[in-house]
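To be precise, the following lines are run38.cif, and they hold mmCIF, C-alpha atoms and all ligand atoms.
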```cif
data_work
#
loop_
_atom_site.label_atom_id
_atom_site.label_comp_id
_atom_site.auth_asym_id
_atom_site.auth_seq_id
_atom_site.Cartn_x
_atom_site.Cartn_y
_atom_site.Cartn_z
CA SER A 23 -9.83 -7.00 -7.27
CA SER A 24 -6.13 -7.70 -7.86
CA ASP A 25 -5.12 -4.13 -7.14
CA ILE A 26 -2.37 -3.80 -4.55
CA LYS A 27 -3.62 -1.41 -1.88
CA ILE A 28 -1.06 -0.58 0.80
CA LEU A 29 -2.00 1.30 3.94
CA ALA A 30 1.14 2.86 5.43
CA ILE A 31 1.85 4.30 8.85
CA GLU A 32 4.75 6.53 9.94
CA SER A 33 5.36 7.47 13.58
CA SER A 34 9.15 7.50 14.04
CA CYS A 35 9.55 11.04 15.37
CA ASP A 36 7.13 13.94 15.66
CA GLU A 37 4.80 13.49 12.69
CA THR A 38 1.93 11.01 12.76
CA SER A 39 1.21 10.11 9.17
CA ALA A 40 -0.89 7.67 7.13
CA ALA A 41 -1.01 7.16 3.37
CA LEU A 42 -2.55 4.87 0.78
CA ALA A 43 -0.82 3.56 -2.32
CA VAL A 44 -2.70 1.67 -5.02
CA ASN A 45 -0.50 -0.29 -7.44
CA GLY A 46 2.52 1.80 -6.44
CA LYS A 47 0.79 5.14 -6.86
CA VAL A 48 0.51 7.20 -3.67
CA LEU A 49 -3.04 8.54 -3.43
CA ASN A 50 -2.68 10.72 -0.38
CA ASN A 51 -0.39 11.57 2.49
CA ILE A 52 -2.09 12.70 5.68
CA VAL A 53 0.31 14.25 8.22
CA ALA A 54 -0.46 15.45 11.75
CA THR A 55 2.45 17.60 12.91
CA GLN A 56 2.98 17.81 16.64
CA SER A 57 3.24 21.45 17.68
CA VAL A 58 3.60 20.54 21.37
CA HIS A 59 7.42 20.32 21.03
CA GLU A 60 7.85 23.94 19.97
CA ASN A 61 7.68 25.03 23.61
CA TYR A 62 10.62 22.79 24.52
CA GLY A 63 13.14 23.56 21.78
CA GLY A 64 13.25 19.94 20.63
CA VAL A 65 11.22 16.76 20.38
CA VAL A 66 10.19 15.46 23.80
CA PRO A 67 9.92 11.67 23.32
CA GLU A 68 7.26 11.15 25.99
CA LEU A 69 5.04 13.85 24.50
CA ALA A 70 5.62 12.52 20.99
CA SER A 71 4.32 9.07 22.02
CA ARG A 72 1.20 10.57 23.56
CA ALA A 73 0.48 12.73 20.52
CA HIS A 74 0.92 9.71 18.21
CA GLN A 75 -1.53 7.80 20.38
CA GLN A 76 -4.08 10.60 19.99
CA ASN A 77 -3.51 11.21 16.28
CA ILE A 78 -3.09 7.76 14.83
CA VAL A 79 -6.73 6.70 14.49
CA PRO A 80 -7.96 10.03 13.04
CA VAL A 81 -5.03 10.15 10.61
CA VAL A 82 -5.58 6.59 9.33
CA ASP A 83 -9.32 7.20 9.13
CA GLN A 84 -8.77 10.35 7.10
CA ALA A 85 -6.39 8.60 4.69
CA LEU A 86 -8.95 5.83 4.05
CA LYS A 87 -11.88 8.22 3.62
CA ASN A 88 -9.86 10.56 1.41
CA ALA A 89 -9.04 7.64 -0.92
CA ALA A 90 -12.58 6.22 -0.64
CA ILE A 91 -11.10 2.87 0.34
CA SER A 92 -12.68 0.70 3.00
CA PRO A 93 -10.43 -1.20 5.43
CA GLU A 94 -11.60 -4.54 3.95
CA GLU A 95 -10.03 -3.65 0.59
CA ILE A 96 -6.50 -3.23 1.99
CA SER A 97 -3.90 -5.73 0.71
CA ALA A 98 -1.28 -5.12 3.43
CA VAL A 99 -0.35 -2.78 6.25
CA ALA A 100 3.14 -1.22 6.16
CA PHE A 101 4.71 0.60 9.09
CA THR A 102 7.99 2.25 10.10
CA ARG A 103 9.89 -0.20 12.28
CA GLY A 104 12.85 2.12 12.80
CA PRO A 105 15.11 3.98 13.21
CA GLY A 106 13.42 6.50 15.47
CA LEU A 107 12.16 7.12 18.98
CA MET A 108 11.19 3.90 20.77
CA GLY A 109 7.90 5.12 22.26
CA ALA A 110 6.89 6.83 19.04
CA LEU A 111 7.68 3.77 16.90
CA LEU A 112 5.79 1.48 19.28
CA VAL A 113 2.54 3.38 18.71
CA GLY A 114 2.74 2.90 14.93
CA ALA A 115 3.98 -0.68 15.18
CA SER A 116 1.25 -1.70 17.63
CA PHE A 117 -1.46 -0.06 15.60
CA ALA A 118 -0.23 -1.63 12.35
CA LYS A 119 0.01 -5.08 13.93
CA GLY A 120 -3.48 -4.83 15.38
CA LEU A 121 -4.94 -3.67 12.10
CA ALA A 122 -3.18 -6.35 10.02
CA LEU A 123 -4.36 -9.00 12.48
CA ALA A 124 -7.95 -7.75 12.42
CA LEU A 125 -8.04 -7.56 8.61
CA ASP A 126 -6.06 -10.79 8.21
CA VAL A 127 -3.61 -9.19 5.74
CA PRO A 128 0.21 -9.28 5.58
CA LEU A 129 2.28 -6.94 7.71
CA ILE A 130 5.26 -5.10 6.18
CA GLU A 131 8.10 -3.51 8.16
CA VAL A 132 9.81 -0.51 6.60
CA ASN A 133 13.19 1.06 7.34
CA HIS A 134 12.58 4.80 7.66
CA MET A 135 15.89 5.76 6.00
CA GLN A 136 15.29 3.47 3.02
CA ALA A 137 11.82 4.93 2.72
CA HIS A 138 13.24 8.47 2.53
CA ILE A 139 15.18 7.27 -0.52
CA LEU A 140 12.18 5.51 -2.07
CA ALA A 141 10.25 8.80 -1.85
CA HIS A 142 11.94 9.44 -5.22
CA PHE A 143 9.65 6.86 -6.78
CA ILE A 144 6.42 8.60 -5.77
CA ASP A 145 6.45 11.14 -8.60
CA ASP A 146 8.20 11.52 -11.96
CA PRO A 147 11.01 11.90 -12.91
CA LYS A 148 12.38 8.79 -11.21
CA PRO A 149 16.08 7.94 -10.89
CA LYS A 150 17.52 4.84 -12.55
CA PHE A 151 19.65 2.32 -10.66
CA PRO A 152 22.36 2.61 -9.56
CA PHE A 153 22.19 6.12 -8.12
CA LEU A 154 23.62 7.90 -5.11
CA CYS A 155 21.35 9.42 -2.49
CA LEU A 156 22.41 11.97 0.10
CA THR A 157 20.05 11.31 2.99
CA VAL A 158 20.00 14.25 5.36
CA SER A 159 17.67 14.48 8.34
CA GLY A 160 17.55 15.41 12.00
CA GLY A 161 19.01 12.04 12.97
CA HIS A 162 21.04 10.94 9.94
CA THR A 163 23.53 12.07 7.33
CA GLN A 164 24.38 9.34 4.86
CA ILE A 165 25.57 8.83 1.32
CA VAL A 166 23.81 5.72 0.04
CA LEU A 167 24.58 3.74 -3.10
CA VAL A 168 21.13 2.60 -4.24
CA LYS A 169 21.37 -0.53 -6.39
CA SER A 170 17.70 -1.52 -6.42
CA PHE A 171 14.51 -0.92 -4.46
CA MET A 172 15.79 -3.11 -1.67
CA ASP A 173 19.55 -3.28 -2.13
CA MET A 174 21.16 -0.17 -0.68
CA GLU A 175 24.66 0.36 0.71
CA VAL A 176 25.74 3.16 3.05
CA VAL A 177 29.09 4.32 1.61
CA GLY A 178 29.60 7.31 3.91
CA GLU A 179 27.98 8.76 7.01
CA THR A 180 28.38 11.13 9.90
CA GLN A 181 30.58 10.01 12.75
CA ASP A 182 28.82 12.31 15.25
CA ASP A 183 25.94 14.79 14.77
CA ALA A 184 23.51 14.70 11.86
CA VAL A 185 23.46 17.79 9.64
CA GLY A 186 19.83 18.52 10.60
CA GLU A 187 20.93 18.45 14.22
CA ALA A 188 23.67 20.97 13.39
CA PHE A 189 21.07 23.24 11.75
CA ASP A 190 18.78 22.89 14.77
CA LYS A 191 21.52 23.48 17.37
CA VAL A 192 22.91 26.53 15.61
CA ALA A 193 19.37 27.91 15.32
CA LYS A 194 18.90 27.37 19.03
CA MET A 195 22.12 29.31 19.79
CA MET A 196 20.74 32.13 17.66
CA GLY A 197 17.46 32.03 19.55
CA LEU A 198 15.45 31.00 16.49
CA GLY A 199 13.21 28.37 18.08
CA TYR A 200 12.48 24.82 17.00
CA PRO A 201 12.78 23.25 14.49
CA GLY A 202 15.56 25.59 13.49
CA GLY A 203 16.50 24.25 10.03
CA PRO A 204 13.65 25.92 8.13
CA MET A 205 14.27 29.22 9.97
CA VAL A 206 17.99 29.23 9.17
CA ASP A 207 17.02 28.53 5.55
CA LYS A 208 14.57 31.45 5.47
CA LEU A 209 17.00 33.92 7.08
CA ALA A 210 19.88 32.75 4.88
CA GLN A 211 17.98 33.81 1.78
CA GLN A 212 18.37 37.45 2.88
CA GLY A 213 21.95 37.18 4.13
CA ASN A 214 25.49 37.36 2.80
CA ALA A 215 27.01 33.87 2.91
CA ASP A 216 30.55 35.28 2.79
CA ALA A 217 30.08 37.60 5.79
CA PHE A 218 31.62 35.13 8.23
CA SER A 219 33.67 32.01 7.78
CA PHE A 220 33.55 28.82 9.78
CA PRO A 221 35.88 25.83 9.57
CA GLU A 222 34.79 22.84 7.50
CA SER A 223 35.78 19.74 9.44
CA GLU A 224 37.64 17.17 7.39
CA MET A 225 36.83 13.49 7.79
CA ALA A 226 38.49 10.60 6.02
CA GLY A 227 36.89 9.06 2.94
CA LEU A 228 33.21 9.72 2.49
CA ASN A 229 32.38 10.26 6.16
CA TYR A 230 31.15 13.43 7.81
CA SER A 231 31.52 15.24 11.13
CA PHE A 232 29.19 18.05 12.15
CA SER A 233 30.00 18.47 15.83
CA GLY A 234 32.99 20.77 15.15
CA ILE A 235 31.03 23.52 13.44
CA LYS A 236 28.52 23.55 16.27
CA THR A 237 31.32 24.25 18.77
CA ALA A 238 32.96 26.76 16.42
CA VAL A 239 29.71 28.72 16.16
CA LEU A 240 29.21 28.56 19.93
CA TYR A 241 32.65 30.10 20.65
CA PHE A 242 32.37 32.57 17.80
CA LEU A 243 29.04 33.89 19.12
CA ARG A 244 30.28 33.96 22.72
CA ASP A 245 33.25 36.17 21.74
CA LYS A 246 31.17 38.48 19.56
CA LEU A 247 28.48 38.85 22.23
CA LYS A 248 31.12 40.01 24.70
CA GLU A 249 31.85 42.98 22.42
CA ASN A 250 28.28 43.62 21.35
CA GLU A 251 25.29 42.10 23.11
CA ASN A 252 23.13 42.73 20.02
CA PHE A 253 25.53 40.92 17.70
CA ILE A 254 23.19 38.07 16.83
CA GLU A 255 20.17 40.32 16.36
CA GLU A 256 22.13 42.66 14.09
CA ASN A 257 23.70 39.88 12.00
CA LYS A 258 20.99 37.20 11.94
CA ALA A 259 20.69 36.83 8.19
CA ASP A 260 24.45 36.93 7.51
CA LEU A 261 25.12 34.42 10.27
CA ALA A 262 22.45 32.06 8.97
CA ALA A 263 23.72 32.37 5.39
CA SER A 264 27.38 31.84 6.37
CA ILE A 265 26.70 28.83 8.58
CA GLN A 266 24.36 27.28 6.04
CA LYS A 267 26.93 27.74 3.27
CA THR A 268 29.55 25.90 5.36
CA LEU A 269 27.19 22.98 6.05
CA ILE A 270 26.18 22.72 2.39
CA ASN A 271 29.81 22.82 1.22
CA MET A 272 30.65 19.97 3.55
CA LEU A 273 27.69 17.92 2.34
CA LEU A 274 28.30 18.42 -1.37
CA GLN A 275 32.06 18.03 -1.35
CA LYS A 276 31.70 14.43 -0.16
CA LEU A 277 28.79 13.77 -2.47
CA ARG A 278 30.94 14.82 -5.44
CA LYS A 279 33.76 12.61 -4.19
CA ALA A 280 31.31 9.67 -3.97
CA ALA A 281 29.92 10.32 -7.45
CA ARG A 282 33.42 10.27 -8.91
CA LYS A 283 34.44 7.18 -6.94
CA TYR A 284 31.39 5.12 -7.92
CA ARG A 285 31.14 6.68 -11.41
CA VAL A 286 27.49 7.48 -10.90
CA ASN A 287 25.85 10.47 -12.56
CA GLN A 288 22.35 10.19 -11.08
CA LEU A 289 22.26 11.99 -7.74
CA ALA A 290 19.36 12.31 -5.34
CA ILE A 291 18.74 13.99 -2.00
CA ALA A 292 16.29 12.88 0.65
CA GLY A 293 15.26 13.60 4.24
CA GLY A 294 14.14 16.76 6.02
CA VAL A 295 17.24 18.83 5.22
CA SER A 296 16.72 18.24 1.48
CA ALA A 297 13.97 20.86 1.83
CA ASN A 298 16.76 23.43 2.28
CA SER A 299 16.68 25.92 -0.59
CA GLY A 300 20.43 26.64 -0.42
CA LEU A 301 21.23 22.94 -0.71
CA ARG A 302 18.81 22.55 -3.63
CA ASN A 303 20.33 25.52 -5.45
CA ARG A 304 23.93 24.50 -4.91
CA LEU A 305 23.20 20.90 -5.90
CA THR A 306 21.55 22.11 -9.10
CA GLU A 307 24.63 24.25 -9.91
CA MET A 308 26.98 21.37 -9.16
CA ALA A 309 24.91 19.13 -11.43
CA VAL A 310 25.72 21.41 -14.34
CA GLU A 311 29.43 21.48 -13.43
CA GLU A 312 29.64 17.69 -13.03
CA GLY A 313 27.17 16.55 -15.68
CA TRP A 314 24.79 15.01 -13.16
CA LYS A 315 21.09 14.42 -13.35
CA VAL A 316 19.70 15.41 -9.96
CA PHE A 317 16.51 14.30 -8.24
CA ILE A 318 14.90 16.37 -5.53
CA PRO A 319 11.60 15.14 -4.10
CA ALA A 320 8.54 17.36 -3.74
CA PHE A 321 8.67 19.30 -0.48
CA GLU A 322 5.85 17.19 1.00
CA TYR A 323 7.95 14.03 0.58
CA CYS A 324 11.20 15.46 1.96
CA THR A 325 10.13 15.62 5.59
CA ASP A 326 8.68 12.63 7.43
CA ASN A 327 5.61 11.25 5.70
CA ALA A 328 3.76 7.98 5.20
CA GLY A 329 3.72 8.33 1.41
CA MET A 330 7.32 7.12 1.33
CA ILE A 331 6.44 4.25 3.68
CA ALA A 332 3.63 3.23 1.31
CA MET A 333 6.11 3.25 -1.60
CA ALA A 334 8.58 1.03 0.28
CA GLY A 335 5.66 -1.17 1.36
CA HIS A 336 4.55 -1.61 -2.23
CA TYR A 337 7.93 -2.93 -3.39
CA LYS A 338 8.18 -5.27 -0.42
CA PHE A 339 4.67 -6.53 -1.17
CA LEU A 340 5.73 -7.33 -4.74
CA GLU A 341 8.66 -9.35 -3.37
CA GLY A 342 6.49 -11.01 -0.72
CA VAL A 343 8.66 -9.72 2.12
CA PHE A 344 6.42 -9.78 5.19
CA VAL A 345 6.90 -9.95 8.97
CA ASP A 346 4.91 -11.82 11.57
CA GLN A 347 3.14 -10.57 14.68
CA SER A 348 6.21 -11.02 16.88
CA VAL A 349 7.85 -7.98 15.25
CA SER A 350 8.68 -5.00 17.45
CA ALA A 351 10.06 -1.49 16.98
CA LEU A 352 13.81 -1.07 16.31
CA PRO A 353 15.00 2.42 17.37
CA ARG A 354 18.47 1.80 15.89
CA MET A 355 17.39 -0.17 12.85
CA LYS A 356 20.18 -0.57 10.27
CA PHE A 357 19.89 -1.07 6.50
O1 LIG A 401 13.53 13.79 7.92
P1 LIG A 401 13.03 14.71 8.99
O2 LIG A 401 11.69 15.36 8.76
O3 LIG A 401 12.95 13.98 10.36
C1 LIG A 401 13.93 13.11 10.78
O4 LIG A 401 14.90 13.61 11.40
O5 LIG A 401 13.81 11.90 10.46
O6 LIG A 401 14.15 15.83 9.21
C2 LIG A 401 14.01 16.83 10.18
C3 LIG A 401 15.22 17.74 10.11
C4 LIG A 401 15.30 18.78 11.21
O7 LIG A 401 16.60 18.81 11.72
C5 LIG A 401 14.95 20.09 10.50
O8 LIG A 401 15.52 21.23 11.11
C6 LIG A 401 15.54 19.82 9.14
O9 LIG A 401 15.21 18.48 8.87
N1 LIG A 401 14.98 20.71 8.12
C7 LIG A 401 15.69 21.67 7.48
C8 LIG A 401 14.80 22.32 6.60
N2 LIG A 401 13.57 21.74 6.74
C9 LIG A 401 13.70 20.76 7.67
N3 LIG A 401 17.00 22.00 7.58
C10 LIG A 401 17.43 23.00 6.80
N4 LIG A 401 16.64 23.68 5.93
C11 LIG A 401 15.34 23.38 5.80
N5 LIG A 401 14.57 24.05 4.94
ZN ZN A 402 12.96 11.24 8.51
#
```

As structure tokens, how would this structure be written, given the file I've shared?
Amino acid sequence: SSDIKILAIESSCDETSAALAVNGKVLNNIVATQSVHENYGGVVPELASRAHQQNIVPVVDQALKNAAISPEEISAVAFTRGPGLMGALLVGASFAKGLALALDVPLIEVNHMQAHILAHFIDDPKPKFPFLCLTVSGGHTQIVLVKSFMDMEVVGETQDDAVGEAFDKVAKMMGLGYPGGPMVDKLAQQGNADAFSFPESEMAGLNYSFSGIKTAVLYFLRDKLKENENFIEENKADLAASIQKTLINMLLQKLRKAARKYRVNQLAIAGGVSANSGLRNRLTEMAVEEGWKVFIPAFEYCTDNAGMIAMAGHYKFLEGVFVDQSVSALPRMKF
């Protein structure tokens, strides 16, 4: 048949994922989350690679069976080339190359950060070009001007830590375990966001800096713990809410500045931190104030997933943008 059937593979960090898209419609999104890292308070690259190696065949197999598609029907294999962890990316890249070679179909490389943005095209409503996307994950914090499926420009980004990293590090200081972002989010919902105040670091233009708040929280907690060793325990929710509010303010202030500068009124968020309920709420409020139309992907497509890789793969297939078997992983892949 002339249907375009893309098999996509994602293995950039700690989720092994496979998905199938037929004619640009994502049929499924199988994700194996690696729980092994919880014991270490962060992703251990070596362990991530091993877990990908174990999970990749079952995950791909499940995606195919779930969609009732046989390998011979696949039009192309898409995979995350980067950015991400080298060893983790290599597992997905090697598997995708081997599969494409065996099936004699084109191979498509996908930029993980672009794919996070294209997750907005999985379900309705879909943004119209040009729009701005705030891409916030454990490794990145970017404001991207999205001109088309393949033409995207980073107009602002963090000069140090990513916002997800700030969430995770603060959570670690509070003894909340890993990954900390979702736990800060959950606690914040019961806390008073005005209980404590933390400085919002100011960067020029549309850029961000999140290393200052991390240090500010560290010193703040150290001083408070000297007076009261149960300080964190007694103020968990208020601390989470106050820190989260500061991070969200920093994110949205620059996004508003970008929207005004580029005269864009379609705003999207993407990446793991876009799952944050405080960010979603504040963005929705700001949309009313500013007259924006906002796009927030389904929870399943906010964190790392192969559905978004399948979407990116589909558009590249339409344009005939393929790579050959000499391709390798790119941990620091740029747009
Ligand atoms: O995009 P992602 O799944 O992986 C990459 O980094 O590429 O993002 C993971 C990040 C982690 O830092 C995690 O703590 C954060 O997203 N995160 C959240 C929430 N859910 C995930 N941060 C704040 N609130 C959440 N609800
Ligand atoms: Zn990601």

Discussion item. Would you compute the distance between CA of Ala280 in chain A and CA of Asn327 in chain A? Give it in Å to one decimal.
Written reply: 27.5 Å

Fill in: Residue with smallest distance to ligand LIG 401 (chain A) - pool A:Met308, A:Met333, A:Leu156, A:Val295, counting only C-alpha atoms and all ligand atoms
A:Val295

Discussion item. What's around Gly300 in chain A at 10 Å? Count all atoms listed in the file, leave out sequence neighbours fewer than 5 positions away in its own chain, and write the answer as a PyMOL selection string.
Written reply: chain A and resi 207-208+210-211+263+266-267+270+305-306

Item to complete: Rank A:Pro152, A:Gly186, A:Pro204, A:Gly227 by their smallest atom-to-atom distance to Ala290 in chain A, using only C-alpha atoms, and report the top residue only.
Response: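 Of A:Pro152, A:Gly186, A:Pro204, A:Gly227, the one nearest Ala290 in chain A is A:Pro152, counting only C-alpha atoms.
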
Discussion item. Between CA of Glu175 in chain A and CA of Gln275 in chain A, what is the distance in Å, rounded to a tenth?
Written reply: 19.3 Å

Return as a tab-separated table (two decimals) with C-alpha atoms, in the coordinates of the input every polymer residue, whether protein, DNA or RNA, with at least one atom no more than 7 Å from an atom of ligand ZN 402 (chain A); count only C-alpha atoms and all ligand atoms.
```tsv
chain	number	residue	atom	x	y	z
A	134	HIS	CA	12.58	4.80	7.66
A	135	MET	CA	15.89	5.76	6.00
A	138	HIS	CA	13.24	8.47	2.53
A	159	SER	CA	17.67	14.48	8.34
A	293	GLY	CA	15.26	13.60	4.24
A	294	GLY	CA	14.14	16.76	6.02
A	325	THR	CA	10.13	15.62	5.59
A	326	ASP	CA	8.68	12.63	7.43
```

Practice prompt. Please work out which residues fall within 10 Å of (18.8, -1.8, -8.2), coordinates as given in the file, with all atoms listed in the file counting, and return them as a ChimeraX atom specification.
Written response: /A:150-153,167-174

Discussion item. Can you pull out the residues contacting Phe232 in chain A? Cut-off 9 Å, using all atoms listed in the file, and skip same-chain residues under 3 positions away; I want them as a count of residues only.
Written reply: 14

Polymer residues at most 8 Å from (20.4, 11.6, -12.3) by only C-alpha atoms, as a PDB file with C-alpha atoms, in the frame of the given file:
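Result file result.pdb:
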```
ATOM      1  CA  PRO A 149      16.080   7.940 -10.890  1.00  0.00           C
ATOM      2  CA  LYS A 150      17.520   4.840 -12.550  1.00  0.00           C
ATOM      3  CA  PHE A 153      22.190   6.120  -8.120  1.00  0.00           C
ATOM      4  CA  ASN A 287      25.850  10.470 -12.560  1.00  0.00           C
ATOM      5  CA  GLN A 288      22.350  10.190 -11.080  1.00  0.00           C
ATOM      6  CA  LEU A 289      22.260  11.990  -7.740  1.00  0.00           C
ATOM      7  CA  ALA A 290      19.360  12.310  -5.340  1.00  0.00           C
ATOM      8  CA  TRP A 314      24.790  15.010 -13.160  1.00  0.00           C
ATOM      9  CA  LYS A 315      21.090  14.420 -13.350  1.00  0.00           C
ATOM     10  CA  VAL A 316      19.700  15.410  -9.960  1.00  0.00           C
ATOM     11  CA  PHE A 317      16.510  14.300  -8.240  1.00  0.00           C
TER      12      PHE A 317
END
```

To test the calculation: enclose all listed atoms of range 204-211 of chain A in a box whose edges run along x, y and z, add 4 Å on each side, then state centre and edge lengths in Å to one decimal, as lines of an AutoDock Vina configuration file.
```
center_x = 16.8
center_y = 29.9
center_z = 5.9
size_x = 14.2
size_y = 16.0
size_z = 16.2
```

Worksheet entry | Å distance separating CA of Gly335 in chain A from CA of Lys27 in chain A, one decimal place | 9.8 Å

Worksheet item: So which one's closest to Ile265 in chain A, A:Leu69, A:Ile31, A:Ala90, A:Met196? Using only C-alpha atoms, please.
Response: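 Using only C-alpha atoms, the shortest distance to Ile265 in chain A belongs to A:Met196.
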
Worksheet entry | For Ile331 in chain A: contacts at 9 Å, only C-alpha atoms, fewer than 2 positions along chain excluded, given as a VMD selection string | chain A and resid 29 to 32 40 to 41 100 to 102 132 to 134 136 to 138 140 to 141 327 to 329 333 to 336

Practice prompt. Compare A:Val177, A:Ala217, A:Val82, A:Ile139 by their minimum atom-to-atom distance to ligand LIG 401 (chain A), counting only C-alpha atoms and all ligand atoms, and give me the closest one.
Written response: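 For ligand LIG 401 (chain A), the nearest of the candidates is A:Ile139.
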
Fill in: Of the listed residues A:Val99, A:Asn214, A:Leu42, A:Leu261, that which approaches Lys119 in chain A most closely, counting all atoms listed in the file
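Counting all atoms listed in the file, the residue closest to Lys119 in chain A is A:Val99.
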
Worksheet entry | Nearest-residue call for Glu224 in chain A, choices A:Ile254, A:Leu273, A:Ala309, A:Leu247, using all atoms listed in the file |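 Residue with the minimum atom-to-atom distance to Glu224 in chain A: A:Leu273.
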
Fill in: Residue neighbourhood Leu352 in chain A, 8 Å, all atoms listed in the file, exclusion window fewer than 5 positions, as a VMD selection string
chain A and resid 103 to 106 108 111

Take the selection from the previous step and output its residues with C-alpha atoms, as a compact mmCIF listing (two decimals), in the frame of the given file.
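Produced file again28.txt, reproduced below:
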```txt
# COMPACT_ATOMS: atom_id res chain seq x y z
CA ARG A 103 9.89 -0.20 12.28
CA GLY A 104 12.85 2.12 12.80
CA PRO A 105 15.11 3.98 13.21
CA GLY A 106 13.42 6.50 15.47
CA MET A 108 11.19 3.90 20.77
CA LEU A 111 7.68 3.77 16.90
```

Item to complete: Can you pull out every residue within 10 Å of Gly213 in chain A, counting only C-alpha atoms, but drop anything in the same chain fewer than 6 positions away, and send it as a list in words?
Response: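 Here the qualifying residues turn out to be Asn257, Lys258, Ala259, Asp260, Leu261, Ala262, Ala263 and Ser264 of chain A.
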
Could those residues be written to a file, using C-alpha atoms, as a PDB file, keeping the file's coordinate frame?
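As a result, again_7.pdb now contains:
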```pdb
ATOM      1  CA  ASN A 257      23.700  39.880  12.000  1.00  0.00           C
ATOM      2  CA  LYS A 258      20.990  37.200  11.940  1.00  0.00           C
ATOM      3  CA  ALA A 259      20.690  36.830   8.190  1.00  0.00           C
ATOM      4  CA  ASP A 260      24.450  36.930   7.510  1.00  0.00           C
ATOM      5  CA  LEU A 261      25.120  34.420  10.270  1.00  0.00           C
ATOM      6  CA  ALA A 262      22.450  32.060   8.970  1.00  0.00           C
ATOM      7  CA  ALA A 263      23.720  32.370   5.390  1.00  0.00           C
ATOM      8  CA  SER A 264      27.380  31.840   6.370  1.00  0.00           C
TER       9      SER A 264
END
```
